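**Student:** Let me begin by handing over the structure; questions about it come next.
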Amino acid sequence: MNRDLIIGILIPFLGTSLGSAMVYLMKNELSHKLQKSLSGFAAGVMVAASIWSLLIPAMDMVEKDMGRMAWIPAVVGFGVGIAFLLFLDSVIPHQHVDSDVAEGPKNESLRKTTMMVLAVVIHNIPEGMAVGVAFAGVIAGNTEMTMAAALVLSIGIAIQNFPEGAIISMPLKSQGIGKNKSFIMGVLSGAVEPIAAIITILLSQIMIPILPYLLSFAAGAMIYVVVEELIPEATGEGEDHSNLGVIWFSVGFAVMMILDVALG
């Protein structure tokens, strides 16, 4: 159990690291089409994970006691998760720049990359919590959360972390930052996930009674990231609009759904 727990916690971090390693394999910055495809795929995986790995188990946990009102913890937790990410976005200036800083083309591109790193770090927190909550349920012996289901959630998050790692490390390299430093920065952007997971598990005795709310909270936070960041990146606007994001969203959703239902 301990070995499986450690592996499960580290799987999402491995996804980010492998994505960041693309800086050693690809010569140029990711093309717009590839970025849209990766963002759409990641969004599909996260939506499917939120539904099958978080919201449905949350409702199943309370179905015997609450019957047709089993949706209450899911709705409350989901809403709080959305509100939490809205709060983080308002208090952490990851989308703003100091007006005193001169913004030439290179400086502007580097600023956007820095904002992307911060945005990824912010939304990795609830993803890490989601993994921690899932494994906390396994440790507590909750029949609605099995080790297989928790591992599937970790794998799903790792799949969508792969493009995130590449989307961070590749632009950094294109700005003249060395490959090794770009790789390290990409890896560090995902380091918050196992930390958040471990903290959640350590506090599991406190959190187990409200586990359905926490699972739904993580789902709300992940859906916020999808709607606020990934979908706009995947679809674009005006002349930049593309159907690639929609196509790869469908692929990502289907892949995660198959993993969760078949293995979970």
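A note on labels: chains of the structure tokens are A, B, ... as shown, every chain counts residues from 1, and ligands are counted from 1 in their shown order.
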Per residue of segment 154-200 of chain A within 9 Å of segment 238-261 of chain A, record the nearest atom pair and its distance in Å to one decimal, counting only C-alpha atoms, with rows in chain order and ascending residue number, as a tab-separated table.
**Tutor:**
residue	atom	partner	partner_atom	distance
A:Ile155	CA	A:Leu259	CA	8.8
A:Gly156	CA	A:Met256	CA	6.1
A:Ile159	CA	A:Gly252	CA	8.9
A:Gln160	CA	A:Gly252	CA	8.5
**Student:** Extract, using only C-alpha atoms, all DNA, RNA and protein residues at most 10 Å from Leu54 of chain A, discarding same-chain residues fewer than 2 positions from it, and format them as an mmCIF file with C-alpha atoms, in the first residue's frame.
**Tutor:**
data_model
loop_
_atom_site.group_PDB
_atom_site.id
_atom_site.type_symbol
_atom_site.label_atom_id
_atom_site.label_comp_id
_atom_site.auth_asym_id
_atom_site.auth_seq_id
_atom_site.Cartn_x
_atom_site.Cartn_y
_atom_site.Cartn_z
ATOM 1 C CA ALA A 48 -13.715 13.474 -17.684
ATOM 2 C CA ALA A 49 -11.604 13.091 -14.524
ATOM 3 C CA SER A 50 -13.780 15.637 -12.730
ATOM 4 C CA ILE A 51 -16.947 13.716 -13.585
ATOM 5 C CA TRP A 52 -15.978 10.057 -13.252
ATOM 6 C CA ILE A 56 -19.729 10.640 -9.231
ATOM 7 C CA PRO A 57 -17.758 9.027 -6.355
ATOM 8 C CA ALA A 58 -18.673 12.014 -4.154
ATOM 9 C CA MET A 59 -22.385 11.381 -4.750
ATOM 10 C CA ALA A 74 -21.382 17.582 -4.929
ATOM 11 C CA PHE A 78 -18.149 22.122 -6.697
ATOM 12 C CA ALA A 130 -7.608 15.802 -5.801
ATOM 13 C CA VAL A 131 -4.978 13.051 -5.836
ATOM 14 C CA VAL A 133 -8.179 13.228 -1.370
ATOM 15 C CA ALA A 134 -8.558 10.127 -3.550
ATOM 16 C CA MET A 145 -12.754 4.999 -3.685
ATOM 17 C CA ALA A 149 -9.729 4.422 -9.154
ATOM 18 C CA ALA A 150 -7.199 6.629 -7.345
ATOM 19 C CA LEU A 153 -7.143 9.707 -11.487
ATOM 20 C CA PRO A 212 -17.462 14.008 -0.668
ATOM 21 C CA TYR A 213 -17.234 17.794 -0.398
ATOM 22 C CA LEU A 214 -13.466 17.714 -0.981
ATOM 23 C CA LEU A 215 -13.753 15.513 -4.065
ATOM 24 C CA SER A 216 -16.354 17.911 -5.478
ATOM 25 C CA PHE A 217 -14.182 20.887 -4.491
ATOM 26 C CA ALA A 218 -11.307 19.468 -6.537
ATOM 27 C CA ALA A 219 -13.684 18.913 -9.470
ATOM 28 C CA GLY A 220 -14.879 22.521 -9.323
#
**Student:** At a cut-off of 8 Å, using only C-alpha atoms, what residues contact Gly165 of chain A? Leave out same-chain residues fewer than 6 positions from it and give the result as JSON, numbers by chain.
**Tutor:** {"A": [15, 16, 17, 18, 19, 20, 21, 186, 187, 189, 190]}
**Student:** Let me see the file: selected residues, C-alpha atoms, as a compact mmCIF listing (two decimals), in the first residue's frame.
**Tutor:**
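Below you can see out_36.txt, which holds the result:
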# COMPACT_ATOMS: atom_id res chain seq x y z
CA GLY A 15 3.79 13.64 -16.45
CA THR A 16 4.93 17.25 -16.02
CA SER A 17 8.59 16.20 -16.01
CA LEU A 18 8.27 14.16 -19.20
CA GLY A 19 6.51 17.05 -20.91
CA SER A 20 9.23 19.45 -19.81
CA ALA A 21 11.84 17.06 -21.25
CA GLY A 186 8.99 23.17 -16.23
CA VAL A 187 9.54 20.42 -13.67
CA SER A 189 5.91 24.06 -11.99
CA GLY A 190 4.56 20.57 -11.22
**Student:** What does the structure give for the distance between atom CA of Pro209 of chain A and atom CA of Val227 of chain A, in Å to one decimal?
**Tutor:**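 The value is 29.5 Å.
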**Student:** What is the distance between atom CA of Leu5 of chain A and atom CA of Ile184 of chain A, in Å to one decimal?
**Tutor:** 24.9 Å
**Student:** Got a sec: who's within 6 Å of Pro12 of chain A, counting only C-alpha atoms, leaving out chain neighbours fewer than 3 positions off, as a PyMOL selection string?
**Tutor:** chain A and resi 15+154+157-158
**Student:** Assign secondary structure with DSSP using the backbone only, and return the residues of segment 9-212 of chain A in alpha helix (DSSP H) as an MDAnalysis selection string.
**Tutor:** chainID A and resid 9:20 32:48 56:66 71:91 105:139 147:174 179:189 192:202 204:207 211:212
**Student:** Taking C-alpha atoms for each residue, export the selection above as a compact mmCIF listing (two decimals), in the first residue's frame.
**Tutor:**
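File written: again06.txt
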# COMPACT_ATOMS: atom_id res chain seq x y z
CA ILE A 9 1.33 10.66 -5.72
CA LEU A 10 4.34 10.96 -8.04
CA ILE A 11 2.62 9.91 -11.30
CA PRO A 12 1.22 13.41 -12.07
CA PHE A 13 4.63 14.95 -11.31
CA LEU A 14 6.20 12.46 -13.74
CA GLY A 15 3.79 13.64 -16.45
CA THR A 16 4.93 17.25 -16.02
CA SER A 17 8.59 16.20 -16.01
CA LEU A 18 8.27 14.16 -19.20
CA GLY A 19 6.51 17.05 -20.91
CA SER A 20 9.23 19.45 -19.81
CA HIS A 32 0.04 27.19 -32.52
CA LYS A 33 -1.78 24.16 -33.90
CA LEU A 34 0.09 21.80 -31.58
CA GLN A 35 -0.52 24.06 -28.58
CA LYS A 36 -4.26 24.17 -29.37
CA SER A 37 -4.36 20.39 -29.75
CA LEU A 38 -2.52 19.81 -26.46
CA SER A 39 -4.69 22.32 -24.59
CA GLY A 40 -7.87 20.72 -25.98
CA PHE A 41 -6.66 17.24 -25.05
CA ALA A 42 -5.76 18.35 -21.52
CA ALA A 43 -9.17 20.00 -21.12
CA GLY A 44 -10.97 16.82 -22.19
CA VAL A 45 -8.99 14.71 -19.73
CA MET A 46 -9.67 17.10 -16.85
CA VAL A 47 -13.43 17.28 -17.53
CA ALA A 48 -13.71 13.47 -17.68
CA ILE A 56 -19.73 10.64 -9.23
CA PRO A 57 -17.76 9.03 -6.36
CA ALA A 58 -18.67 12.01 -4.15
CA MET A 59 -22.39 11.38 -4.75
CA ASP A 60 -22.02 7.61 -4.40
CA MET A 61 -20.44 8.05 -0.95
CA VAL A 62 -23.54 9.72 0.48
CA GLU A 63 -26.24 8.02 -1.57
CA LYS A 64 -27.22 5.54 1.16
CA ASP A 65 -27.62 8.26 3.78
CA MET A 66 -28.99 11.08 1.66
CA TRP A 71 -26.30 15.85 -5.07
CA ILE A 72 -25.98 18.39 -2.22
CA PRO A 73 -22.32 17.68 -1.24
CA ALA A 74 -21.38 17.58 -4.93
CA VAL A 75 -22.99 20.93 -5.71
CA VAL A 76 -21.68 22.63 -2.56
CA GLY A 77 -18.14 21.33 -2.98
CA PHE A 78 -18.15 22.12 -6.70
CA GLY A 79 -19.26 25.71 -6.04
CA VAL A 80 -16.65 26.23 -3.34
CA GLY A 81 -13.96 24.89 -5.70
CA ILE A 82 -14.95 27.41 -8.36
CA ALA A 83 -14.99 30.21 -5.76
CA PHE A 84 -11.56 29.17 -4.45
CA LEU A 85 -9.93 29.45 -7.88
CA LEU A 86 -11.70 32.77 -8.49
CA PHE A 87 -10.20 33.97 -5.21
CA LEU A 88 -6.71 32.79 -6.14
CA ASP A 89 -6.95 34.50 -9.53
CA SER A 90 -7.91 37.75 -7.82
CA VAL A 91 -5.20 37.78 -5.14
CA PRO A 105 8.63 42.02 -28.22
CA LYS A 106 11.03 39.69 -26.39
CA ASN A 107 10.14 41.11 -22.98
CA GLU A 108 6.42 40.74 -23.72
CA SER A 109 6.85 37.11 -24.79
CA LEU A 110 8.86 36.31 -21.67
CA ARG A 111 6.19 37.99 -19.53
CA LYS A 112 3.49 35.82 -21.09
CA THR A 113 5.58 32.72 -20.44
CA THR A 114 6.05 33.75 -16.81
CA MET A 115 2.29 34.21 -16.43
CA MET A 116 1.74 30.76 -17.91
CA VAL A 117 4.13 29.24 -15.34
CA LEU A 118 2.28 30.94 -12.49
CA ALA A 119 -1.11 29.94 -13.89
CA VAL A 120 -0.01 26.29 -14.11
CA VAL A 121 1.36 26.37 -10.55
CA ILE A 122 -1.94 27.81 -9.27
CA HIS A 123 -4.14 25.19 -10.87
CA ASN A 124 -1.75 22.35 -9.95
CA ILE A 125 -2.70 22.94 -6.30
CA PRO A 126 -6.26 21.58 -6.59
CA GLU A 127 -5.03 18.78 -8.86
CA GLY A 128 -2.59 17.71 -6.15
CA MET A 129 -5.38 17.96 -3.59
CA ALA A 130 -7.61 15.80 -5.80
CA VAL A 131 -4.98 13.05 -5.84
CA GLY A 132 -4.44 13.41 -2.08
CA VAL A 133 -8.18 13.23 -1.37
CA ALA A 134 -8.56 10.13 -3.55
CA PHE A 135 -5.77 8.27 -1.78
CA ALA A 136 -7.01 9.48 1.61
CA GLY A 137 -10.28 7.76 0.78
CA VAL A 138 -8.40 4.55 -0.04
CA ILE A 139 -6.46 4.71 3.22
CA MET A 147 -6.79 2.02 -5.23
CA ALA A 148 -7.42 1.39 -8.93
CA ALA A 149 -9.73 4.42 -9.15
CA ALA A 150 -7.20 6.63 -7.35
CA LEU A 151 -4.41 5.48 -9.69
CA VAL A 152 -6.59 6.16 -12.74
CA LEU A 153 -7.14 9.71 -11.49
CA SER A 154 -3.38 10.13 -11.06
CA ILE A 155 -2.75 8.80 -14.57
CA GLY A 156 -5.40 11.08 -16.03
CA ILE A 157 -3.86 14.14 -14.39
CA ALA A 158 -0.41 13.00 -15.55
CA ILE A 159 -1.68 12.77 -19.14
CA GLN A 160 -2.89 16.36 -19.08
CA ASN A 161 0.27 17.46 -17.24
CA PHE A 162 2.45 16.27 -20.13
CA PRO A 163 1.44 19.06 -22.54
CA GLU A 164 1.62 21.58 -19.69
CA GLY A 165 5.27 20.73 -19.09
CA ALA A 166 6.05 21.18 -22.79
CA ILE A 167 4.05 24.39 -23.07
CA ILE A 168 6.18 25.85 -20.27
CA SER A 169 9.68 24.60 -21.12
CA MET A 170 9.59 25.12 -24.90
CA PRO A 171 8.75 28.87 -24.84
CA LEU A 172 11.38 29.43 -22.16
CA LYS A 173 14.02 27.89 -24.42
CA SER A 174 12.86 30.03 -27.33
CA LYS A 179 17.70 23.83 -22.10
CA ASN A 180 18.60 22.64 -18.61
CA LYS A 181 17.12 25.71 -16.90
CA SER A 182 13.99 25.56 -19.07
CA PHE A 183 13.57 21.90 -18.17
CA ILE A 184 14.03 22.56 -14.45
CA MET A 185 11.51 25.40 -14.47
CA GLY A 186 8.99 23.17 -16.23
CA VAL A 187 9.54 20.42 -13.67
CA LEU A 188 9.28 22.81 -10.73
CA SER A 189 5.91 24.06 -11.99
CA VAL A 192 3.42 21.71 -6.06
CA GLU A 193 1.19 18.72 -6.92
CA PRO A 194 2.87 16.01 -4.78
CA ILE A 195 3.32 18.57 -2.00
CA ALA A 196 -0.41 19.39 -2.03
CA ALA A 197 -1.24 15.68 -2.17
CA ILE A 198 0.98 14.83 0.81
CA ILE A 199 -0.43 17.67 2.92
CA THR A 200 -3.97 16.52 2.09
CA ILE A 201 -3.18 12.92 3.08
CA LEU A 202 -1.52 14.01 6.34
CA SER A 204 -6.88 12.99 6.08
CA GLN A 205 -8.23 12.21 9.56
CA ILE A 206 -9.72 15.68 9.63
CA MET A 207 -10.82 15.55 6.00
CA LEU A 211 -14.48 13.68 1.73
CA PRO A 212 -17.46 14.01 -0.67
